[in-house]
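I have placed the structure first, in the form of structure tokens, so that the comments after it can refer back to it.
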Amino acid sequence: MLNLHRRGFLAALAVSAVPSFARTLKTVGVQLYTLRAILPEKPLETLKALEAIGYTEAEVIGGSLDAVWPSLMQTKLKPVSVHLDTALFTTNQDKLPAALEDAKKRGLKFAVCPYIAPKDRGGVDVIKKLGETLNKAGETCAKSGLSLCYHNHAFEFEPAAGGTLLDVLMQTTDPKYVSLELDIMWSKVGGHDPVEILKKYNKRIALMHLKNVAAGVGPQFNEKVAKEAFREVGNGSIDIPAVLKAASEVGVRHYFVEQDQTPGNPLDSLKQSFEYLKKTSF
């Protein structure tokens with residue numbers, strides 16, 4: 001009897017030695033932009049391959065949505081957000097309600113402003129104007145039952161007004177209408193640890209792009225990065241467990257693996273990233 005008690009005590013002690021905060025991502029999504037070179041030719045085969053890897057959510061691209069949607073519906077991948085054409089949020093807002101209505105019918109929850117072209121970028125005044133424009137678009141999104149997110153690149157981390165251009169944008173936009181989709185690689189390229197950004201903006205970060213970057217890239221405030229610098233999630237200079245822990249603490253809702261450039265078949269890189277994430281505790 002004493003031995004049984006002793007074994008029970010030792011077992012309980014072993015369990016208590018495991019950090020209570022240790023956990024892994026339960027749901028991992030994928031940004032379909034990563035597959036743009038192969039998805040149009042083999043949509044169902046490619047999406048089924050993502051499903052077989054273990055991905056359960058998807059972030060889709062508005063311009064190719066009709067082409068991939070029938071195949072997407074034949075998988076268990078759940079589409080939760082869509083990258084729409086930037087002009088819908090800026091110069092062509094009159095066409096935004098129709099795009100949002102379509103997204104809502106498909107069950108999407110987030111509409112993302114994905115990219116500001118270099119010709120439309122500028123200093124503080126330009127970014128403030130962008131923020132005011134996004135506020136209006138965010139109101140329209142809210143009326144349609146979707147949430148608007150802004151996706152960063154590297155240029156937003158250019159120093160400005162005692163902080164960065166991203167600080168200016170986040171200060172100008174209304175938290176009720178505009179959230180952030182944090183691309184952790186581009187924040188690193190821009191010279192900022194994504195953990196720092198997560199702590200700074202906290203609950204304003206609703207979505208996240210997970211990818212990595214080679215050491216020694218940046219800081220720079222543009223996207224002129226060598227193809228070889230784009231890395232799988234577990235293969236680069238970003239401390240991914242620290243990022244996941246901080247993201248969990250601030251309540252990031254969805255995580256999408258993305259890799260703009262891959263050394264070979266993008267499915268191979270996406271599989272490598274997924275397998276890393278599923279075994280990584282934080």
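Every chain in the structure tokens takes a letter, A first, then B, and so on in the order presented; its residues are numbered from 1, and the ligands are numbered from 1 following the presented order.
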Alpha helix (DSSP H) residues, from DSSP on the backbone, in region 111-271 of chain A, as JSON, numbers by chain: {"A": [124, 125, 126, 127, 128, 129, 130, 131, 132, 133, 134, 135, 136, 137, 138, 139, 140, 141, 142, 143, 165, 166, 167, 168, 169, 170, 171, 172, 184, 185, 186, 187, 188, 189, 194, 195, 196, 197, 198, 199, 200, 201, 240, 241, 242, 243, 244, 245, 246, 247, 248, 249, 250, 266, 267, 268, 269, 270, 271]}
Which polymer residues have any atom within 9 Å of an atom of Val195 (chain A), counting only C-alpha atoms, with same-chain residues fewer than 5 positions away left out, as a ChimeraX atom specification? /A:184,200,239,242-247
Could those residues be written to a file, using all heavy atoms, as a short mmCIF file (atom, residue, chain, number, x, y, z; two decimals), in the first residue's frame?
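Okay, out_15.cif is ready:
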data_model
loop_
_atom_site.label_atom_id
_atom_site.label_comp_id
_atom_site.auth_asym_id
_atom_site.auth_seq_id
_atom_site.Cartn_x
_atom_site.Cartn_y
_atom_site.Cartn_z
N ILE A 184 4.70 38.75 -39.14
CA ILE A 184 5.85 38.80 -38.25
C ILE A 184 7.17 38.90 -39.01
O ILE A 184 8.13 39.50 -38.53
CB ILE A 184 5.87 37.59 -37.28
CG1 ILE A 184 6.05 36.27 -38.02
CG2 ILE A 184 4.59 37.57 -36.45
CD1 ILE A 184 6.28 35.09 -37.09
N LYS A 200 2.89 45.89 -27.83
CA LYS A 200 2.53 47.29 -28.03
C LYS A 200 1.06 47.45 -28.44
O LYS A 200 0.33 48.25 -27.87
CB LYS A 200 3.42 47.93 -29.09
CG LYS A 200 3.06 49.37 -29.41
CD LYS A 200 3.89 49.94 -30.55
CE LYS A 200 5.30 50.22 -30.12
NZ LYS A 200 6.07 50.94 -31.18
N ASP A 239 12.21 34.19 -33.18
CA ASP A 239 11.94 33.26 -32.07
C ASP A 239 10.44 32.94 -32.06
O ASP A 239 9.64 33.64 -31.45
CB ASP A 239 12.36 33.93 -30.76
CG ASP A 239 12.19 33.01 -29.54
OD1 ASP A 239 11.54 31.95 -29.67
OD2 ASP A 239 12.70 33.36 -28.47
N ALA A 242 8.43 32.34 -28.68
CA ALA A 242 8.18 33.61 -27.98
C ALA A 242 7.05 34.38 -28.64
O ALA A 242 6.21 34.98 -27.97
CB ALA A 242 9.45 34.45 -27.95
N VAL A 243 7.00 34.35 -29.96
CA VAL A 243 5.93 35.02 -30.70
C VAL A 243 4.59 34.38 -30.39
O VAL A 243 3.59 35.06 -30.13
CB VAL A 243 6.21 34.98 -32.22
CG1 VAL A 243 4.98 35.43 -33.00
CG2 VAL A 243 7.40 35.86 -32.56
N LEU A 244 4.54 33.06 -30.42
CA LEU A 244 3.28 32.35 -30.16
C LEU A 244 2.79 32.60 -28.73
O LEU A 244 1.58 32.76 -28.50
CB LEU A 244 3.46 30.86 -30.40
CG LEU A 244 3.76 30.44 -31.85
CD1 LEU A 244 4.00 28.94 -31.93
CD2 LEU A 244 2.64 30.86 -32.80
N LYS A 245 3.70 32.64 -27.79
CA LYS A 245 3.32 32.90 -26.40
C LYS A 245 2.72 34.31 -26.27
O LYS A 245 1.66 34.48 -25.66
CB LYS A 245 4.53 32.75 -25.49
CG LYS A 245 4.23 32.94 -23.99
CD LYS A 245 5.46 32.66 -23.15
CE LYS A 245 5.14 32.72 -21.67
NZ LYS A 245 4.76 34.08 -21.22
N ALA A 246 3.41 35.30 -26.85
CA ALA A 246 2.90 36.67 -26.78
C ALA A 246 1.57 36.81 -27.51
O ALA A 246 0.66 37.50 -27.03
CB ALA A 246 3.93 37.63 -27.37
N ALA A 247 1.44 36.15 -28.65
CA ALA A 247 0.20 36.21 -29.42
C ALA A 247 -0.96 35.60 -28.64
O ALA A 247 -2.08 36.13 -28.66
CB ALA A 247 0.38 35.50 -30.76
#
Give me the residues near Ala52 (chain A) as a PyMOL selection string, where near means some atom within 12 Å (using only C-alpha atoms) and where sequence neighbours in that chain fewer than 4 positions away do not count. chain A and resi 45-48+56+75-77+267+270-271+274-275
Restricting the output to all heavy atoms, write the selected residues as a short mmCIF file (atom, residue, chain, number, x, y, z; two decimals), in the first residue's frame.
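Result written to selection17.cif:
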data_model
loop_
_atom_site.label_atom_id
_atom_site.label_comp_id
_atom_site.auth_asym_id
_atom_site.auth_seq_id
_atom_site.Cartn_x
_atom_site.Cartn_y
_atom_site.Cartn_z
N GLU A 45 -6.61 19.17 -56.00
CA GLU A 45 -5.47 18.36 -55.57
C GLU A 45 -4.61 19.13 -54.57
O GLU A 45 -4.17 18.57 -53.56
CB GLU A 45 -4.63 17.99 -56.80
CG GLU A 45 -3.40 17.15 -56.49
CD GLU A 45 -2.59 16.84 -57.73
OE1 GLU A 45 -3.18 16.74 -58.82
OE2 GLU A 45 -1.35 16.71 -57.59
N THR A 46 -4.41 20.41 -54.82
CA THR A 46 -3.57 21.23 -53.95
C THR A 46 -4.23 21.45 -52.59
O THR A 46 -3.59 21.34 -51.54
CB THR A 46 -3.27 22.57 -54.61
OG1 THR A 46 -2.64 22.35 -55.88
CG2 THR A 46 -2.36 23.42 -53.74
N LEU A 47 -5.52 21.75 -52.62
CA LEU A 47 -6.24 22.00 -51.37
C LEU A 47 -6.38 20.72 -50.55
O LEU A 47 -6.32 20.76 -49.31
CB LEU A 47 -7.61 22.61 -51.67
CG LEU A 47 -7.56 24.03 -52.28
CD1 LEU A 47 -8.93 24.43 -52.80
CD2 LEU A 47 -7.06 25.03 -51.26
N LYS A 48 -6.56 19.60 -51.22
CA LYS A 48 -6.61 18.31 -50.52
C LYS A 48 -5.26 18.00 -49.87
O LYS A 48 -5.19 17.42 -48.78
CB LYS A 48 -7.00 17.19 -51.49
CG LYS A 48 -8.48 17.15 -51.85
CD LYS A 48 -9.31 16.62 -50.70
CE LYS A 48 -10.75 16.37 -51.09
NZ LYS A 48 -11.58 15.87 -49.95
N THR A 56 -6.33 23.51 -41.12
CA THR A 56 -7.78 23.48 -40.92
C THR A 56 -8.48 24.78 -41.29
O THR A 56 -9.70 24.81 -41.41
CB THR A 56 -8.12 23.14 -39.45
OG1 THR A 56 -7.44 24.07 -38.60
CG2 THR A 56 -7.70 21.72 -39.11
N THR A 75 -13.26 20.36 -49.30
CA THR A 75 -12.31 20.03 -48.24
C THR A 75 -12.89 20.46 -46.89
O THR A 75 -13.95 21.08 -46.82
CB THR A 75 -10.97 20.77 -48.46
OG1 THR A 75 -11.14 22.16 -48.14
CG2 THR A 75 -10.48 20.62 -49.89
N LYS A 76 -12.14 20.15 -45.84
CA LYS A 76 -12.54 20.58 -44.50
C LYS A 76 -11.88 21.89 -44.10
O LYS A 76 -12.04 22.36 -42.97
CB LYS A 76 -12.17 19.48 -43.48
CG LYS A 76 -12.96 18.19 -43.67
CD LYS A 76 -12.55 17.14 -42.65
CE LYS A 76 -13.33 15.84 -42.86
NZ LYS A 76 -12.92 14.78 -41.89
N LEU A 77 -11.14 22.49 -45.03
CA LEU A 77 -10.53 23.79 -44.76
C LEU A 77 -11.62 24.84 -44.58
O LEU A 77 -12.49 24.99 -45.43
CB LEU A 77 -9.61 24.20 -45.91
CG LEU A 77 -8.32 23.39 -46.08
CD1 LEU A 77 -7.70 23.69 -47.43
CD2 LEU A 77 -7.34 23.71 -44.96
N LEU A 267 4.13 23.41 -51.32
CA LEU A 267 3.52 22.45 -50.40
C LEU A 267 4.57 21.85 -49.46
O LEU A 267 4.28 21.58 -48.30
CB LEU A 267 2.82 21.34 -51.17
CG LEU A 267 1.45 21.69 -51.76
CD1 LEU A 267 0.98 20.59 -52.71
CD2 LEU A 267 0.42 21.93 -50.66
N LEU A 270 5.21 24.45 -46.81
CA LEU A 270 4.05 24.55 -45.91
C LEU A 270 3.97 23.34 -44.98
O LEU A 270 3.57 23.48 -43.82
CB LEU A 270 2.77 24.69 -46.73
CG LEU A 270 2.57 26.03 -47.42
CD1 LEU A 270 1.34 26.00 -48.32
CD2 LEU A 270 2.44 27.17 -46.40
N LYS A 271 4.35 22.18 -45.48
CA LYS A 271 4.36 20.99 -44.63
C LYS A 271 5.42 21.13 -43.55
O LYS A 271 5.17 20.81 -42.38
CB LYS A 271 4.63 19.74 -45.46
CG LYS A 271 4.60 18.45 -44.64
CD LYS A 271 4.80 17.22 -45.52
CE LYS A 271 4.73 15.96 -44.67
NZ LYS A 271 4.93 14.73 -45.49
N PHE A 274 4.14 23.54 -40.91
CA PHE A 274 3.07 22.96 -40.11
C PHE A 274 3.63 21.97 -39.09
O PHE A 274 3.24 22.00 -37.91
CB PHE A 274 2.05 22.25 -41.01
CG PHE A 274 0.90 21.65 -40.25
CD1 PHE A 274 -0.22 22.40 -39.95
CD2 PHE A 274 0.96 20.33 -39.81
CE1 PHE A 274 -1.27 21.84 -39.22
CE2 PHE A 274 -0.09 19.77 -39.09
CZ PHE A 274 -1.20 20.53 -38.80
N GLU A 275 4.52 21.10 -39.53
CA GLU A 275 5.07 20.10 -38.62
C GLU A 275 5.85 20.75 -37.49
O GLU A 275 5.81 20.28 -36.35
CB GLU A 275 5.94 19.12 -39.41
CG GLU A 275 5.11 18.22 -40.32
CD GLU A 275 5.95 17.29 -41.17
OE1 GLU A 275 7.19 17.48 -41.25
OE2 GLU A 275 5.37 16.34 -41.78
#
When you count only C-alpha atoms, which of these residues is closest to Asp193 (chain A): A:Ile240, A:Leu134, A:Ala142, A:Val28? A:Ile240
Pick out the closest residue to Leu72 (chain A) from this set: A:Ala229, A:Leu39, A:Ala137, A:Leu180. Count only C-alpha atoms.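 Ranked by minimum distance to Leu72 (chain A), first place goes to A:Leu39.
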With distances taken over only C-alpha atoms, which of A:Pro70, A:Pro40, A:Gly234, A:Gly138 is nearest to Leu210 (chain A)? A:Gly234
Considering only C-alpha atoms, return as a list in words whatever protein or nucleic-acid residues lie within 8 Å of Glu156 (chain A), sequence-local ones (same chain, fewer than 6 positions apart) excluded. Thr164, Leu165, Leu166, Gly190 and Phe221 of chain A
Could you check which of A:Val233, A:Thr172, A:Gln261, A:Phe110 is closest to Lys129 (chain A), using only C-alpha atoms?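 Smallest separation from Lys129 (chain A) among the options: A:Thr172.
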What is the distance between CA of Asn202 (chain A) and CA of Phe157 (chain A), in Å to one decimal? 17.0 Å
Would you pick out the contacts of Leu35 (chain A) at 12 Å or less, using only C-alpha atoms, so that residues sharing its chain but fewer than 2 positions from it are not included, and give the list as a PyMOL selection string? chain A and resi 30-33+37-43+45-47+49-50+58-61+64+68+257-262+264-270
Among the residues A:His153, A:Arg231, A:His192, A:Arg106, the one that comes closest to Val80 (chain A) [using only C-alpha atoms]: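 Using only C-alpha atoms, Val80 (chain A) sits closest to A:Arg106.
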Show me, as a VMD selection string, the residues that have an atom within 12 Å of Gly216 (chain A) when counting only C-alpha atoms, minus same-chain residues fewer than 3 positions from it. chain A and resid 188 to 191 213 219 to 220 225 to 226 229 236 to 238
Computed interatomic separation between CA of Cys141 (chain A) and CA of Pro97 (chain A) (Å):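 Value for the CA of Cys141 (chain A)-CA of Pro97 (chain A) distance: 7.7 Å.
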Backbone-only DSSP, strand (DSSP E) members of region 10-103 of chain A, as a PyMOL selection string: chain A and resi 29-31+57-61+78-83
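Counting only C-alpha atoms and comparing A:Asn135, A:Lys128, A:Leu146, A:Met170, the residue that lies closest to Gly107 (chain A) is A:Leu146.
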